[in-house]
Structure formats: structure tokens, C-alpha cells
$ cat protein.txt   # compact mmCIF, C-alpha atoms
# COMPACT_ATOMS: atom_id res chain seq x y z
CA LEU A 1 143.76 218.22 87.25
CA GLU A 2 143.61 219.07 83.55
CA ARG A 3 139.81 219.31 83.67
CA ALA A 4 139.98 221.52 86.75
CA PHE A 5 142.33 223.97 85.06
CA LYS A 6 140.22 224.08 81.88
CA LEU A 7 136.90 225.07 83.45
CA TRP A 8 135.11 227.91 81.71
CA ASN A 9 135.56 231.39 83.22
CA LEU A 10 138.08 230.01 85.71
CA LYS A 11 139.36 232.36 88.42
CA ALA A 12 141.19 229.92 90.72
CA VAL A 13 141.68 226.24 91.51
CA ALA A 14 141.08 224.93 95.03
CA LEU A 15 142.62 221.68 96.25
CA ALA A 16 140.81 219.78 99.03
CA VAL A 17 143.67 217.86 100.67
CA ASN A 18 142.94 214.98 103.02
CA SER A 19 145.97 212.69 103.13
CA PRO A 20 148.46 211.43 105.73
CA GLY A 21 151.07 211.00 103.00
CA GLY A 22 152.45 208.32 100.75
CA SER A 23 155.02 208.03 97.99
CA PRO A 24 157.39 211.03 97.84
CA VAL A 25 157.79 210.47 94.10
CA GLN A 26 154.04 210.61 93.46
CA SER A 27 153.70 213.66 95.72
CA ALA A 28 156.42 215.43 93.73
CA LEU A 29 154.93 214.45 90.36
CA ILE A 30 151.45 215.68 91.28
CA ALA A 31 152.78 218.90 92.85
CA ASN A 32 154.90 219.64 89.78
CA ARG A 33 151.91 219.06 87.52
CA ILE A 34 149.80 221.44 89.58
CA ARG A 35 152.45 224.15 89.32
CA ALA A 36 152.82 223.63 85.57
CA LEU A 37 149.08 223.90 84.97
CA ALA A 38 148.82 226.95 87.22
CA SER A 39 151.57 228.65 85.23
CA GLU A 40 150.13 227.67 81.84
CA ASN A 41 146.65 228.95 82.74
CA ASN A 42 147.80 231.88 84.90
CA VAL A 43 145.41 231.13 87.77
CA PRO A 44 146.08 231.00 91.53
CA VAL A 45 145.86 227.75 93.47
CA PHE A 46 144.48 227.42 97.01
CA ALA A 47 144.90 224.32 99.18
CA PHE A 48 142.54 223.44 102.01
CA ALA A 49 143.61 220.83 104.55
CA GLU A 50 140.69 218.80 105.83
CA ASP A 51 141.30 216.17 108.53
CA VAL A 52 144.98 215.82 107.69
CA ALA A 53 147.59 217.22 105.31
CA ALA A 54 150.72 215.55 106.57
CA SER A 55 153.94 214.25 105.02
CA GLY A 56 153.14 213.72 101.32
CA GLY A 57 149.78 215.39 101.93
CA TYR A 58 151.54 218.56 103.03
CA TRP A 59 153.93 218.23 100.06
CA LEU A 60 150.86 218.44 97.81
CA ALA A 61 149.45 221.40 99.77
CA CYS A 62 152.70 223.28 99.16
CA ALA A 63 151.93 223.23 95.44
CA ALA A 64 149.28 225.88 96.19
CA ASP A 65 149.94 229.60 96.40
CA GLU A 66 148.06 229.75 99.71
CA ILE A 67 147.28 227.02 102.26
CA TYR A 68 144.35 227.01 104.68
CA ALA A 69 143.25 224.50 107.32
CA ASP A 70 140.71 223.98 110.05
CA GLU A 71 142.08 224.84 113.47
CA ASN A 72 141.89 221.14 114.34
CA SER A 73 143.41 219.80 111.11
CA ILE A 74 146.66 217.84 111.39
CA VAL A 75 149.41 219.54 109.38
CA GLY A 76 153.14 218.98 108.87
CA SER A 77 155.15 215.78 109.37
CA ILE A 78 157.92 217.04 107.10
CA GLY A 79 160.07 213.94 107.27
CA VAL A 80 160.66 210.49 105.80
CA MET A 81 159.78 207.15 107.36
CA SER A 82 160.47 203.53 106.49
CA GLY A 83 159.17 200.63 108.55
CA GLY A 84 159.24 196.87 108.55
CA PHE A 85 159.51 193.72 110.68
CA GLY A 86 162.17 191.19 111.50
CA PHE A 87 161.27 187.50 111.43
CA VAL A 88 164.70 185.90 112.01
CA ASP A 89 163.91 184.23 115.35
CA LEU A 90 160.37 183.33 114.26
CA ILE A 91 161.44 181.23 111.30
CA LYS A 92 164.10 179.55 113.40
CA ARG A 93 161.52 178.49 115.99
CA ALA A 94 159.20 177.33 113.22
CA GLY A 95 161.96 175.19 111.74
CA VAL A 96 161.98 177.12 108.48
CA GLU A 97 165.21 177.39 106.51
CA ARG A 98 165.71 180.61 104.59
CA ARG A 99 166.98 180.05 101.04
CA LEU A 100 167.85 183.14 99.07
CA HIS A 101 169.97 183.37 95.92
CA VAL A 102 170.94 186.77 94.53
CA ALA A 103 173.28 188.39 92.02
CA GLY A 104 174.69 191.53 93.57
CA GLU A 105 176.17 191.64 97.05
CA ARG A 106 173.83 194.38 98.24
CA LYS A 107 170.62 193.00 96.79
CA THR A 108 169.30 191.84 100.18
CA LEU A 109 169.00 195.26 101.80
CA LEU A 110 167.18 194.88 105.14
CA ASP A 111 165.69 191.49 104.27
CA PRO A 112 163.18 190.79 107.11
CA PHE A 113 164.32 187.17 107.36
CA LEU A 114 168.00 188.05 107.86
CA ASP A 115 169.75 189.75 110.76
CA GLU A 116 169.79 193.54 110.46
CA LYS A 117 173.22 194.85 109.51
CA PRO A 118 174.54 198.28 110.56
CA ASP A 119 175.89 199.09 107.10
CA GLU A 120 172.49 198.35 105.53
CA VAL A 121 170.74 200.61 108.05
CA ALA A 122 173.27 203.33 107.19
CA ARG A 123 172.48 202.94 103.49
CA LEU A 124 168.75 203.27 104.17
CA LYS A 125 169.29 206.39 106.28
CA ALA A 126 171.35 207.93 103.45
CA ILE A 127 168.46 207.37 101.06
CA GLN A 128 166.00 208.84 103.56
CA HIS A 129 168.27 211.85 103.98
CA ASP A 130 168.23 212.56 100.23
CA ILE A 131 164.44 212.34 100.10
CA HIS A 132 164.12 214.52 103.20
CA GLU A 133 166.33 217.16 101.57
CA SER A 134 164.02 217.19 98.53
CA PHE A 135 161.00 217.61 100.80
CA LYS A 136 162.64 220.46 102.68
CA ALA A 137 163.64 222.16 99.44
CA MET A 138 160.01 222.05 98.28
CA VAL A 139 158.79 223.65 101.52
CA ARG A 140 161.51 226.33 101.41
CA GLN A 141 160.71 227.15 97.79
CA ARG A 142 156.95 227.40 98.24
CA ARG A 143 156.70 228.89 101.74
CA GLY A 144 159.87 231.02 101.81
CA ALA A 145 159.76 233.97 104.19
CA ARG A 146 156.37 232.87 105.54
CA LEU A 147 158.10 230.24 107.70
CA LYS A 148 158.39 231.73 111.18
CA VAL A 149 160.52 229.33 113.25
CA PRO A 150 163.92 227.63 112.81
CA GLU A 151 164.10 224.77 110.33
CA GLU A 152 165.19 222.35 113.06
CA GLU A 153 161.68 222.56 114.48
CA LEU A 154 159.81 222.60 111.16
CA PHE A 155 161.66 219.72 109.52
CA SER A 156 161.80 217.35 112.49
CA GLY A 157 158.91 215.21 111.26
CA GLU A 158 156.58 216.58 113.94
CA PHE A 159 152.98 217.45 113.10
CA TRP A 160 150.68 220.09 114.57
CA THR A 161 147.09 221.30 114.65
CA GLY A 162 146.02 223.90 112.11
CA ARG A 163 146.14 226.64 114.72
CA ARG A 164 149.76 225.89 115.60
CA ALA A 165 150.66 225.40 111.93
CA LEU A 166 149.49 228.97 111.30
CA GLU A 167 151.79 230.24 114.06
CA LEU A 168 154.70 228.32 112.48
CA GLY A 169 154.01 229.71 109.02
CA LEU A 170 153.15 226.36 107.47
CA ILE A 171 149.72 227.65 106.42
CA ASP A 172 148.29 231.07 105.58
CA GLY A 173 145.04 231.03 107.50
CA LEU A 174 142.25 229.14 109.20
CA GLY A 175 139.01 228.36 107.40
CA ASP A 176 137.20 225.99 105.09
CA LEU A 177 137.12 225.96 101.31
CA ARG A 178 133.70 227.55 100.75
CA THR A 179 134.10 230.28 103.36
CA ILE A 180 137.55 231.37 102.24
CA LEU A 181 136.66 231.39 98.53
CA ARG A 182 133.52 233.41 99.18
CA GLN A 183 135.55 235.92 101.14
CA ARG A 184 138.09 236.12 98.32
CA PHE A 185 135.82 236.11 95.26
CA GLY A 186 132.43 237.25 96.59
CA GLU A 187 129.25 235.59 97.79
CA ASP A 188 128.23 234.63 94.26
CA VAL A 189 131.33 232.53 93.61
CA LYS A 190 130.53 229.29 91.78
CA LEU A 191 132.35 226.19 93.02
CA ARG A 192 132.67 223.40 90.44
CA PRO A 193 133.70 220.06 91.98
CA VAL A 194 136.08 218.08 89.75
CA PHE A 195 136.70 214.41 90.48
CA GLY A 196 138.89 211.72 89.01
CA ARG A 197 136.20 209.96 87.03
CA PRO A 198 134.82 211.62 83.87
CA ARG A 199 131.15 212.50 83.62
CA TRP A 200 128.76 209.71 82.72
CA TRP A 201 128.01 211.12 79.29
CA ARG A 202 131.74 211.26 78.46
CA ARG A 203 132.05 207.57 79.35
CA ARG A 204 128.80 206.70 77.54
CA PHE A 205 129.84 208.27 74.25
CA GLY A 206 133.48 207.24 74.34
CA PHE A 207 135.10 210.54 75.26
CA ALA A 208 136.72 209.33 78.47
CA GLY A 209 140.51 209.33 78.48
CA THR A 210 140.97 211.43 75.33
CA ASP A 211 143.28 214.39 74.95
CA ALA A 212 141.56 217.51 76.32
CA ASP A 213 143.27 219.73 73.75
CA THR A 214 141.79 217.82 70.80
CA ASP A 215 138.74 216.36 72.54
CA PRO A 216 135.52 217.34 70.72
CA ALA A 217 133.73 216.98 74.05
CA ASP A 218 135.91 219.65 75.67
CA TRP A 219 133.97 222.52 74.15
CA ALA A 220 130.74 220.70 74.94
CA ALA A 221 131.72 220.43 78.60
CA ARG A 222 132.38 224.16 78.71
CA ALA A 223 129.05 224.85 76.99
CA LEU A 224 127.20 222.71 79.53
CA ALA A 225 128.99 224.49 82.37
CA ALA A 226 127.87 227.83 80.93
CA ILE A 227 124.29 226.59 80.66
CA GLU A 228 124.38 225.28 84.22
CA GLU A 229 125.66 228.63 85.45
CA ARG A 230 122.96 230.50 83.52
CA LEU A 231 120.27 228.23 85.01

$ encode --input "protein.txt" --output "C-alpha cells"
Amino acid sequence: LERAFKLWNLKAVALAVNSPGGSPVQSALIANRIRALASENNVPVFAFAEDVAASGGYWLACAADEIYADENSIVGSIGVMSGGFGFVDLIKRAGVERRLHVAGERKTLLDPFLDEKPDEVARLKAIQHDIHESFKAMVRQRRGARLKVPEEELFSGEFWTGRRALELGLIDGLGDLRTILRQRFGEDVKLRPVFGRPRWWRRRFGFAGTDADTDPADWAARALAAIEERL
């Protein structure tokens, strides 16, 4: 992300999102970092949903100023899920004795080898509710008046195609990354892919993982980008 926001002659940052979700904490951390970098560098951010931008994937997309998707992309799933299995009867049939020693009466929350208890399920649902509220707050903050249907429908955990997501106000338009950016910035727009791994020459000469603000290779990277553009 830091390299993307430090590209020479930068006009915007585009996020290619292809994720069915994951950790809400990591989604929030990444989204907050995107917003901080966008503010520090005063550049707009565009998100483009590919096959799927659902749950935590949509959380990340909301970090952008505008969201686009293919008409067949899967978008939404604004909810929280927790799953598991119960093996109580299985270990009984196998003749296995469960031995568990804990300090703290609530340490065994939803242990798969113990009978499920209503109060433990209630505790889990309370945690899910708190996380869901954070998710909804993020969507409200970033999408605001662009949302076009009642929250009961949007925040039910349901997911939709890109075409329907546009009707609901979850995205701003239909289209792919290259087409939309050419329409916005002209046919001569230069798209610079930025990936997680540093360039080979940065790894070869020991520049990988250093601070971009004090990295002597930072100016070199910008110089190479300028040369590439000139060529």
C-alpha cells in the first residue's frame, strides 16, 4: 500500500478486490490504512470488485471513494458468521474420554467436544452483534446517502450480483479497472501494478523491508518509473 501511494506523478490508486472475506479485524486495519494514506497523499481511491467482494472483501472495497464491479461479480454479505462442529456423540461411540482442565469458568466457550449450552451461544451472538455493528457503521460512513434501500435488506448478510448491487447503492457503477480508469483519466492513462513482494533488484541489493521515507532506493524507484514512462 505504501508503495502504491508513493508512485511518481500519482493521480489515483485503484484496488483490485477479489475476496470472499476473512478476519474483521484485518479488514478494518487494512481499510483504515488505505484511508490514512489517501488522506496523507490527497489522492482518490477506486475499488474494483472482480469475482467477489463479499463480507470482509466488501469492507475493504468501502475504503475506496468509488466502487465498481462487473455485472456478474458477487457483492455484499454484510454480516458476521461463525461455524464449527460438535463431536460429543462421536467421541462417546469411539470410547474416548474428554479431559479438560481450565482456570476460568467461561474458558470452554462452545468447545466442540462438550454439549452446546444456550448461555454460551448467547455470548457468541453478542460478540457477533458487536462486530456486525462495526461493519454496518463502516458501510454507513463510506456509502452514506448512496445507499438506496432500507438497512434491514442491506445488512441481512445477503449477497448480490454487481448489477443488483448497483441498484441497492452498494457500488457506484459497472465496469472493469482499465475501462473505468481510461474513461476517468483519458486513454493515455498509465496503470502501474503494485504487488506485495518488492522488485527483484530491491531484494538483491538489500532494500526490501526498509522504511520508504528514508529508503535510498525510494528515489531510485521513482526515477526508474519515470524512465519507463518516457520509454

$ closest_atom_pairs --input "protein.txt" --of "range 121-211 of chain A" --to "range 5-22 of chain A" --cutoff "10 Å" --atoms "all atoms listed in the file" --output "JSON lines"
{"residue": "A:Asp176", "atom": "CA", "partner": "A:Ala16", "partner_atom": "CA", "distance": 9.4}
{"residue": "A:Leu177", "atom": "CA", "partner": "A:Ala14", "partner_atom": "CA", "distance": 7.5}
{"residue": "A:Arg178", "atom": "CA", "partner": "A:Ala14", "partner_atom": "CA", "distance": 9.7}
{"residue": "A:Leu181", "atom": "CA", "partner": "A:Ala14", "partner_atom": "CA", "distance": 8.6}
{"residue": "A:Phe185", "atom": "CA", "partner": "A:Lys11", "partner_atom": "CA", "distance": 8.6}
{"residue": "A:Val189", "atom": "CA", "partner": "A:Lys11", "partner_atom": "CA", "distance": 9.6}
{"residue": "A:Lys190", "atom": "CA", "partner": "A:Leu10", "partner_atom": "CA", "distance": 9.7}
{"residue": "A:Leu191", "atom": "CA", "partner": "A:Ala14", "partner_atom": "CA", "distance": 9.0}
{"residue": "A:Arg192", "atom": "CA", "partner": "A:Leu7", "partner_atom": "CA", "distance": 8.3}
{"residue": "A:Pro193", "atom": "CA", "partner": "A:Ala14", "partner_atom": "CA", "distance": 9.4}
{"residue": "A:Val194", "atom": "CA", "partner": "A:Leu7", "partner_atom": "CA", "distance": 9.4}

$ residues_around --input "protein.txt" --residues "Val121 in chain A" --least-positions-apart "5" --cutoff "9 Å" --atoms "only C-alpha atoms" --output "mmCIF file with C-alpha atoms, in the coordinates of the input"
data_model
loop_
_atom_site.group_PDB
_atom_site.id
_atom_site.type_symbol
_atom_site.label_atom_id
_atom_site.label_comp_id
_atom_site.auth_asym_id
_atom_site.auth_seq_id
_atom_site.Cartn_x
_atom_site.Cartn_y
_atom_site.Cartn_z
ATOM 1 C CA LEU A 109 169.000 195.260 101.800
ATOM 2 C CA LEU A 110 167.180 194.880 105.140
ATOM 3 C CA GLU A 116 169.790 193.540 110.460
ATOM 4 C CA ALA A 126 171.350 207.930 103.450
#

$ closest_residue --input "protein.txt" --among "A:Leu114, A:Val149, A:Ala94, A:Ala28" --to "Cys62 in chain A" --atoms "only C-alpha atoms"
A:Ala28

$ closest_residue --input "protein.txt" --among "A:Asn32, A:Asp188, A:Pro24, A:Phe85" --to "Glu133 in chain A" --atoms "all atoms listed in the file"
A:Pro24

$ atom_distance --input "protein.txt" --atom1 "CA of Lys136 in chain A" --atom2 "CA of Glu151 in chain A"
8.9 Å

$ atom_distance --input "protein.txt" --atom1 "CA of Glu2 in chain A" --atom2 "CA of Leu170 in chain A"
26.8 Å

$ atom_distance --input "protein.txt" --atom1 "CA of Arg143 in chain A" --atom2 "CA of Ser82 in chain A"
26.1 Å

$ residues_around --input "protein.txt" --residues "Ala64 in chain A" --least-positions-apart "2" --cutoff "10 Å" --atoms "only C-alpha atoms" --output "MDAnalysis selection string"
chainID A and resid 13:15 31 34:35 38 44:48 59:62 66:68 142:143

$ closest_residue --input "protein.txt" --among "A:Gly162, A:Gly56, A:Gly169, A:Gly86" --to "Gly144 in chain A" --atoms "all atoms listed in the file"
A:Gly169

$ residues_around --input "protein.txt" --residues "Asp89 in chain A" --least-positions-apart "5" --cutoff "12 Å" --atoms "all atoms listed in the file" --output "compact mmCIF listing (two decimals) with C-alpha atoms, in the frame of the given file"
# COMPACT_ATOMS: atom_id res chain seq x y z
CA ALA A 94 159.20 177.33 113.22
CA GLY A 95 161.96 175.19 111.74
CA VAL A 96 161.98 177.12 108.48
CA GLU A 97 165.21 177.39 106.51
CA ARG A 98 165.71 180.61 104.59
CA PRO A 112 163.18 190.79 107.11
CA PHE A 113 164.32 187.17 107.36
CA LEU A 114 168.00 188.05 107.86
CA ASP A 115 169.75 189.75 110.76
